[in-house]
Amino acid sequence: MSDSKTTITVWIFALTLLAGLLVLPQLLSYSQREIAVFLIINVLLVVSYRLMTLTGEWSLGHVVIMGVGAYASALFSKRLGVPVPLSMFLGASTAGLTAVVLSFPLFRMKGFYFLIGSFAAGEVIRLIWKYFTFPFGGAKGLNLIPSFPDIGWISFFDPVNYYYLCLIVVSVSLFILYRVERSRFGLTFHALHWQDKLAESVGVNTFRYRMLAFTLASFFAGLSGALYAHYIGTVNPTRFDVEEMVYVLIWAIVGGTATFYGPIVGVVALTIVNDVLLRALGFDTIRPMIYGAVLIASVLFMPDGLESIFPKLKRLMMGRKTEPATKSEAGEIP
Amino acid sequence: MTQPILEVCDLSRNFGGLLAVNQLSFSVIPGTIHGIIGPNGAGKTTTFNVISGFYAPSSGHVTYLGKDISGIRTDRLAEIGLIRTFQGTTLFNEFSVIDNVRLGCHVSAKSGFLSRLLGADRESEAVATKKAEDLLAFFNLSDLRDEEASNLPHGHQRALGMAVALAADPKILLLDEPFTGMNPEETARMMTLTRDIRDRGITVMLVEHDMQAVMGLCDMITVMNFGSLLTEGTPKEVRTNPGVIEAYLGSAHHAS
């Protein structure tokens, strides 16, 4: 009884969200529409990053991997004349392939060492872009990247149309990532995080599963990079430097990584704070400072991330009439 | 005499200058409970870790079902039915009890990437869940199905650890000190469970300090001292062996 009730609530919530996302660009100014496009792309980036963190390894190379997707897709379409939708897929695949190759040196390390190793690997890739003018365009990067081809009268130069395109691509990607997490793969990734030796003893090939998580995360990060490159038309090594990576980390930490929606909440909340409120007030140049302050505040006052608010809200709303809280809070949130 | 399921041949393992296991040989008969005992530092756990693939042997080899398995990775050994447990309570603490055992079904619930994505693995997952539930029933844990593993009392956690190992369909099960830290009641229960496991046709090999449990449970015992084989035999033979008594208690000469 209450089950069907929850299902209905979930459906109503999902449909409202969808309607909201569809109507959203119509309510925004031109520059805000552009922000919305980047926001959707960043949602994919940070959700793919979370898949990686399920295995317990935090990478500092994720934004560079996004860059690999962006560069590869740009090069495929610009230099080889591959149609843009296909080149986006190829770009994402290149990012995934890069992860496969990087797995061999990187997964010899764990924890802090992996973090540093992934940072170093990312810097090597960035230096390769900087150093080789052909084909990567050196420090200036690539420009005049072909944009997404028009479909009939729909021009993807218009941010509203590109927003809808990104919405479709990202929704499908998120659905795939969600399915992966809910399947046995997700269970195994979690298992690697908490007890990799025990997982090994029942037959889990830990290296292969770490590689799988890394590759999947990288594929979708690469896809987000490709979406970015063909919209903005130019990529350069600085766009994918470690400062950008720190923003991804902050989105993930402020949102929380225990749930699928945590990082999404994080990136949406911080984008609103940064690009809407601060820009309106004319403070957008102090973004790093605000982000730093938000990070410290969230670690101090909300160590489980913004996601931890929702169960509390739900309990408040369903609240007192049902049951006294069944479990201790510490038990629910790992 | 039947073909041994596991055979250790002239096995040595050293860590730098320390010789932890020295020219050790013994074999395990299928369908038995085989114990390895010895004073602290005798090299029991190292032997265990070499057999289960955590360390490669420095020399010698391990044969399992007629196949040389020395130096093969733990997860590959698990696939062919050699499963180990760990000292103490090593569990996926953050998982529910059922998910712990479900993860143990890793090998039998294999499925492709796309079929997982599309939900075509539903059938094999249902089989895995059923198997996990049966195992929980076997260990009397069914009531705790959805409890988080870390909330379980110690004895139950140890039982759950065995359930996870059994979910991986072992032909031979290596138990690393299964009775440590248990009260007599829990030990007795665990001994019964271990016998039940053997009666399911699974060979059991265990390393243990609890003499009473080992003597009461094992069909065969290998005694180690200073990394080498001291003696081997039935509990009765081992108990009366003067060498064993000396290794544990010191000789009359030293005592005086």
# chains A, B, ... in the order shown; residues from 1 in each chain; ligands from 1

call {"tool": "residues_around", "arguments": {"residues": "range 225-242 of chain A", "least_positions_apart": "2", "cutoff": "6 Å", "atoms": "only C-alpha atoms", "output": "PDB file with C-alpha atoms, in the first residue's frame"}}
result
ATOM      1  CA  VAL A  63      39.259  16.591 -15.757  1.00  0.00           C
ATOM      2  CA  VAL A  64      42.273  15.746 -17.922  1.00  0.00           C
ATOM      3  CA  MET A  66      37.488  14.887 -19.916  1.00  0.00           C
ATOM      4  CA  GLY A  67      40.029  16.864 -21.915  1.00  0.00           C
ATOM      5  CA  GLY A  69      37.567  13.258 -24.861  1.00  0.00           C
ATOM      6  CA  ALA A  70      37.368  16.907 -25.897  1.00  0.00           C
ATOM      7  CA  SER A  73      36.560  14.447 -30.581  1.00  0.00           C
ATOM      8  CA  MET A  88      31.885  12.581 -29.928  1.00  0.00           C
ATOM      9  CA  ARG A 126      48.513  18.004 -20.454  1.00  0.00           C
ATOM     10  CA  LYS A 140      46.903  27.784 -27.563  1.00  0.00           C
ATOM     11  CA  GLY A 141      45.054  24.567 -28.118  1.00  0.00           C
ATOM     12  CA  LEU A 142      42.549  23.887 -30.874  1.00  0.00           C
ATOM     13  CA  ASN A 143      39.980  26.299 -32.193  1.00  0.00           C
ATOM     14  CA  LEU A 144      37.375  26.387 -34.942  1.00  0.00           C
ATOM     15  CA  ILE A 145      36.191  22.984 -33.828  1.00  0.00           C
ATOM     16  CA  SER A 147      29.944  22.453 -34.207  1.00  0.00           C
ATOM     17  CA  GLY A 222      35.272  12.016 -22.250  1.00  0.00           C
ATOM     18  CA  LEU A 223      31.726  12.318 -23.542  1.00  0.00           C
ATOM     19  CA  GLU A 244      39.234  22.668 -12.631  1.00  0.00           C
ATOM     20  CA  MET A 245      39.779  19.293 -11.001  1.00  0.00           C
TER      21      MET A 245
END

call {"tool": "closest_atom_pairs", "arguments": {"of": "chain B", "to": "chain A", "cutoff": "6 Å", "atoms": "only C-alpha atoms", "output": "JSON lines"}}
result
{"residue": "B:Thr74", "atom": "CA", "partner": "A:Ser201", "partner_atom": "CA", "distance": 5.8}
{"residue": "B:Asp75", "atom": "CA", "partner": "A:Gly203", "partner_atom": "CA", "distance": 3.9}
{"residue": "B:Ala78", "atom": "CA", "partner": "A:Gly203", "partner_atom": "CA", "distance": 4.7}
{"residue": "B:Glu79", "atom": "CA", "partner": "A:Gly203", "partner_atom": "CA", "distance": 5.5}
{"residue": "B:Gly104", "atom": "CA", "partner": "A:Val202", "partner_atom": "CA", "distance": 5.7}
{"residue": "B:Leu117", "atom": "CA", "partner": "A:Arg179", "partner_atom": "CA", "distance": 5.7}
{"residue": "B:Ala168", "atom": "CA", "partner": "A:Val202", "partner_atom": "CA", "distance": 5.6}

call {"tool": "closest_residue", "arguments": {"among": "A:Ser103, A:Ser298, A:Ser155, A:Thr285", "to": "Met211 in chain A", "atoms": "only C-alpha atoms"}}
result
A:Ser103

call {"tool": "residues_around", "arguments": {"residues": "Pro39 in chain B", "least_positions_apart": "4", "cutoff": "9 Å", "atoms": "only C-alpha atoms", "output": "ChimeraX atom specification"}}
result
/B:43-44,209,223-226,247-248

call {"tool": "residues_around", "arguments": {"residues": "Arg239 in chain B", "least_positions_apart": "4", "cutoff": "12 Å", "atoms": "only C-alpha atoms", "output": "PyMOL selection string"}}
result
chain B and resi 37+211-212+214-216+220-223+231-235+243-248

call {"tool": "atom_distance", "arguments": {"atom1": "CA of Asn140 in chain B", "atom2": "CA of Met190 in chain B"}}
result
11.7 Å

call {"tool": "atom_distance", "arguments": {"atom1": "CA of Ser59 in chain A", "atom2": "CA of Phe119 in chain A"}}
result
7.2 Å

call {"tool": "select_by_dssp", "arguments": {"residues": "range 57-297 of chain A", "states": "alpha helix (DSSP H)", "output": "PyMOL selection string"}}
result
chain A and resi 62-79+84-106+111-131+133-136+159-182+184-194+196-201+206-232+242-255+262-271+279-281+287-297

call {"tool": "residues_around", "arguments": {"residues": "Asn100 in chain B", "least_positions_apart": "6", "cutoff": "12 Å", "atoms": "only C-alpha atoms", "output": "PyMOL selection string"}}
result
(chain A and resi 184+187-188+190-191+194-195+198-199+202) or (chain B and resi 90-94+106+128-129+132-133+135-136+144-150+157+159-168)

call {"tool": "write_last_selection", "arguments": {"atoms": "N, CA and C atoms", "output": "CSV table (one decimal), in the first residue's frame"}}
result
chain,number,residue,atom,x,y,z
A,184,ARG,N,25.2,-5.8,-10.1
A,184,ARG,CA,26.2,-6.5,-9.3
A,184,ARG,C,27.6,-5.7,-9.4
A,187,LEU,N,27.8,-3.4,-6.6
A,187,LEU,CA,28.1,-4.1,-5.3
A,187,LEU,C,29.5,-4.4,-5.3
A,188,THR,N,30.1,-4.9,-6.4
A,188,THR,CA,31.5,-5.3,-6.4
A,188,THR,C,32.4,-4.1,-6.2
A,190,HIS,N,31.7,-1.4,-4.6
A,190,HIS,CA,31.7,-1.1,-3.1
A,190,HIS,C,32.6,-2.0,-2.3
A,191,ALA,N,32.5,-3.3,-2.7
A,191,ALA,CA,33.2,-4.3,-2.0
A,191,ALA,C,34.7,-4.1,-2.1
A,194,TRP,N,35.7,-1.4,0.4
A,194,TRP,CA,35.8,-1.7,1.9
A,194,TRP,C,36.7,-2.9,2.2
A,195,GLN,N,36.8,-3.9,1.4
A,195,GLN,CA,37.6,-5.1,1.7
A,195,GLN,C,38.0,-5.8,0.5
A,198,LEU,N,39.1,-9.5,0.9
A,198,LEU,CA,38.0,-10.5,1.0
A,198,LEU,C,37.3,-10.7,-0.4
A,199,ALA,N,37.2,-9.6,-1.1
A,199,ALA,CA,36.6,-9.8,-2.4
A,199,ALA,C,37.4,-10.7,-3.3
A,202,VAL,N,37.0,-14.4,-2.8
A,202,VAL,CA,35.8,-15.1,-3.3
A,202,VAL,C,35.8,-15.0,-4.9
B,90,THR,N,36.7,-10.5,9.1
B,90,THR,CA,36.8,-9.7,7.9
B,90,THR,C,35.6,-9.8,7.0
B,91,LEU,N,34.8,-8.8,7.0
B,91,LEU,CA,33.5,-8.8,6.3
B,91,LEU,C,33.4,-7.5,5.6
B,92,PHE,N,32.4,-7.4,4.7
B,92,PHE,CA,32.0,-6.1,4.1
B,92,PHE,C,31.1,-5.4,5.1
B,93,ASN,N,31.7,-4.7,6.1
B,93,ASN,CA,30.9,-4.2,7.2
B,93,ASN,C,29.8,-3.3,6.9
B,94,GLU,N,29.9,-2.6,5.8
B,94,GLU,CA,28.9,-1.6,5.4
B,94,GLU,C,27.7,-2.2,4.7
B,106,HIS,N,30.0,-14.4,-6.3
B,106,HIS,CA,30.6,-13.7,-7.5
B,106,HIS,C,30.9,-14.6,-8.7
B,128,ALA,N,21.5,-16.5,-7.3
B,128,ALA,CA,22.5,-16.1,-6.3
B,128,ALA,C,21.8,-15.7,-5.0
B,129,THR,N,20.7,-14.9,-5.1
B,129,THR,CA,20.0,-14.5,-3.9
B,129,THR,C,19.4,-15.7,-3.2
B,132,ALA,N,22.2,-17.4,-1.5
B,132,ALA,CA,22.6,-16.7,-0.3
B,132,ALA,C,21.6,-16.9,0.9
B,133,GLU,N,20.3,-16.9,0.5
B,133,GLU,CA,19.3,-17.1,1.6
B,133,GLU,C,19.4,-18.5,2.2
B,135,LEU,N,22.1,-20.3,2.4
B,135,LEU,CA,23.3,-20.3,3.3
B,135,LEU,C,23.0,-19.6,4.6
B,136,LEU,N,22.3,-18.5,4.6
B,136,LEU,CA,21.9,-17.8,5.8
B,136,LEU,C,21.1,-18.7,6.7
B,144,LEU,N,18.6,-12.1,10.5
B,144,LEU,CA,19.4,-10.9,10.4
B,144,LEU,C,19.7,-10.4,9.0
B,145,ARG,N,18.9,-11.0,8.0
B,145,ARG,CA,19.1,-10.8,6.6
B,145,ARG,C,19.5,-9.4,6.2
B,146,ASP,N,18.7,-8.4,6.7
B,146,ASP,CA,18.9,-7.1,6.2
B,146,ASP,C,19.7,-6.2,7.2
B,147,GLU,N,20.2,-6.8,8.2
B,147,GLU,CA,21.0,-6.1,9.2
B,147,GLU,C,22.3,-5.7,8.6
B,148,GLU,N,22.9,-4.6,9.0
B,148,GLU,CA,24.2,-4.3,8.5
B,148,GLU,C,25.2,-5.2,9.2
B,149,ALA,N,26.2,-5.7,8.5
B,149,ALA,CA,27.1,-6.7,9.0
B,149,ALA,C,27.8,-6.2,10.3
B,150,SER,N,28.2,-4.9,10.3
B,150,SER,CA,29.0,-4.4,11.4
B,150,SER,C,28.2,-4.5,12.7
B,157,GLN,N,29.2,-12.7,13.3
B,157,GLN,CA,30.0,-12.2,12.2
B,157,GLN,C,30.9,-13.3,11.7
B,159,ALA,N,30.3,-16.5,11.7
B,159,ALA,CA,29.5,-17.4,10.9
B,159,ALA,C,29.2,-16.8,9.5
B,160,LEU,N,29.0,-15.5,9.5
B,160,LEU,CA,28.8,-14.8,8.3
B,160,LEU,C,30.0,-14.9,7.4
B,161,GLY,N,31.2,-14.8,8.0
B,161,GLY,CA,32.4,-14.9,7.2
B,161,GLY,C,32.5,-16.3,6.5
B,162,MET,N,32.1,-17.3,7.2
B,162,MET,CA,32.0,-18.7,6.7
B,162,MET,C,31.0,-18.8,5.5
B,163,ALA,N,29.8,-18.1,5.8
B,163,ALA,CA,28.8,-18.1,4.7
B,163,ALA,C,29.3,-17.5,3.4
B,164,VAL,N,30.0,-16.4,3.6
B,164,VAL,CA,30.6,-15.7,2.4
B,164,VAL,C,31.5,-16.7,1.6
B,165,ALA,N,32.3,-17.4,2.4
B,165,ALA,CA,33.3,-18.3,1.8
B,165,ALA,C,32.5,-19.4,1.1
B,166,LEU,N,31.5,-20.0,1.8
B,166,LEU,CA,30.8,-21.1,1.2
B,166,LEU,C,30.0,-20.7,-0.1
B,167,ALA,N,29.6,-19.4,-0.1
B,167,ALA,CA,28.9,-18.9,-1.3
B,167,ALA,C,29.7,-19.0,-2.5
B,168,ALA,N,31.0,-19.1,-2.3
B,168,ALA,CA,31.9,-19.1,-3.5
B,168,ALA,C,32.2,-20.6,-4.0

call {"tool": "select_by_dssp", "arguments": {"residues": "range 55-139 of chain B", "states": "strand (DSSP E or B)", "output": "PyMOL selection string"}}
result
chain B and resi 59-64+67-68+82-84+96

call {"tool": "residues_around", "arguments": {"residues": "Asn161 in chain A", "least_positions_apart": "3", "cutoff": "12 Å", "atoms": "only C-alpha atoms", "output": "list in words"}}
result
Leu22, Pro25, Gln26, Arg33, Glu34, Ala36, Val37, Phe148, Pro149, Asp150, Ile151, Trp153, Ile154, Ser155, Phe156, Phe157, Asp158, Tyr164, Leu165, Cys166, Leu167, Ile168 and Tyr231 of chain A

call {"tool": "write_last_selection", "arguments": {"atoms": "C-alpha atoms", "output": "PDB file, in the first residue's frame"}}
result
ATOM      1  CA  LEU A  22      12.331  21.196 -20.287  1.00  0.00           C
ATOM      2  CA  PRO A  25      15.836  27.434 -20.675  1.00  0.00           C
ATOM      3  CA  GLN A  26      12.735  29.408 -21.672  1.00  0.00           C
ATOM      4  CA  ARG A  33      21.193  29.503 -20.917  1.00  0.00           C
ATOM      5  CA  GLU A  34      24.891  29.034 -21.633  1.00  0.00           C
ATOM      6  CA  ALA A  36      22.695  25.801 -18.065  1.00  0.00           C
ATOM      7  CA  VAL A  37      24.476  24.013 -20.931  1.00  0.00           C
ATOM      8  CA  PHE A 148      27.164  19.925 -33.961  1.00  0.00           C
ATOM      9  CA  PRO A 149      25.452  19.692 -37.383  1.00  0.00           C
ATOM     10  CA  ASP A 150      21.995  21.207 -37.771  1.00  0.00           C
ATOM     11  CA  ILE A 151      19.136  18.772 -37.833  1.00  0.00           C
ATOM     12  CA  TRP A 153      15.796  23.728 -38.951  1.00  0.00           C
ATOM     13  CA  ILE A 154      17.248  23.046 -35.500  1.00  0.00           C
ATOM     14  CA  SER A 155      20.550  24.880 -35.110  1.00  0.00           C
ATOM     15  CA  PHE A 156      22.740  23.759 -32.258  1.00  0.00           C
ATOM     16  CA  PHE A 157      24.474  27.097 -32.233  1.00  0.00           C
ATOM     17  CA  ASP A 158      21.504  28.222 -30.183  1.00  0.00           C
ATOM     18  CA  TYR A 164      18.163  19.968 -25.080  1.00  0.00           C
ATOM     19  CA  LEU A 165      20.759  17.902 -26.950  1.00  0.00           C
ATOM     20  CA  CYS A 166      22.949  17.739 -23.843  1.00  0.00           C
ATOM     21  CA  LEU A 167      19.916  16.940 -21.732  1.00  0.00           C
ATOM     22  CA  ILE A 168      19.175  13.890 -23.884  1.00  0.00           C
ATOM     23  CA  TYR A 231      29.722  23.721 -28.114  1.00  0.00           C
TER      24      TYR A 231
END

call {"tool": "residues_around", "arguments": {"residues": "Asn42 in chain A", "least_positions_apart": "6", "cutoff": "9 Å", "atoms": "only C-alpha atoms", "output": "list in words"}}
result
Ser224, Val248, Ile264 and Val267 of chain A

call {"tool": "atom_distance", "arguments": {"atom1": "CA of Phe76 in chain A", "atom2": "CA of Gly137 in chain A"}}
result
14.0 Å
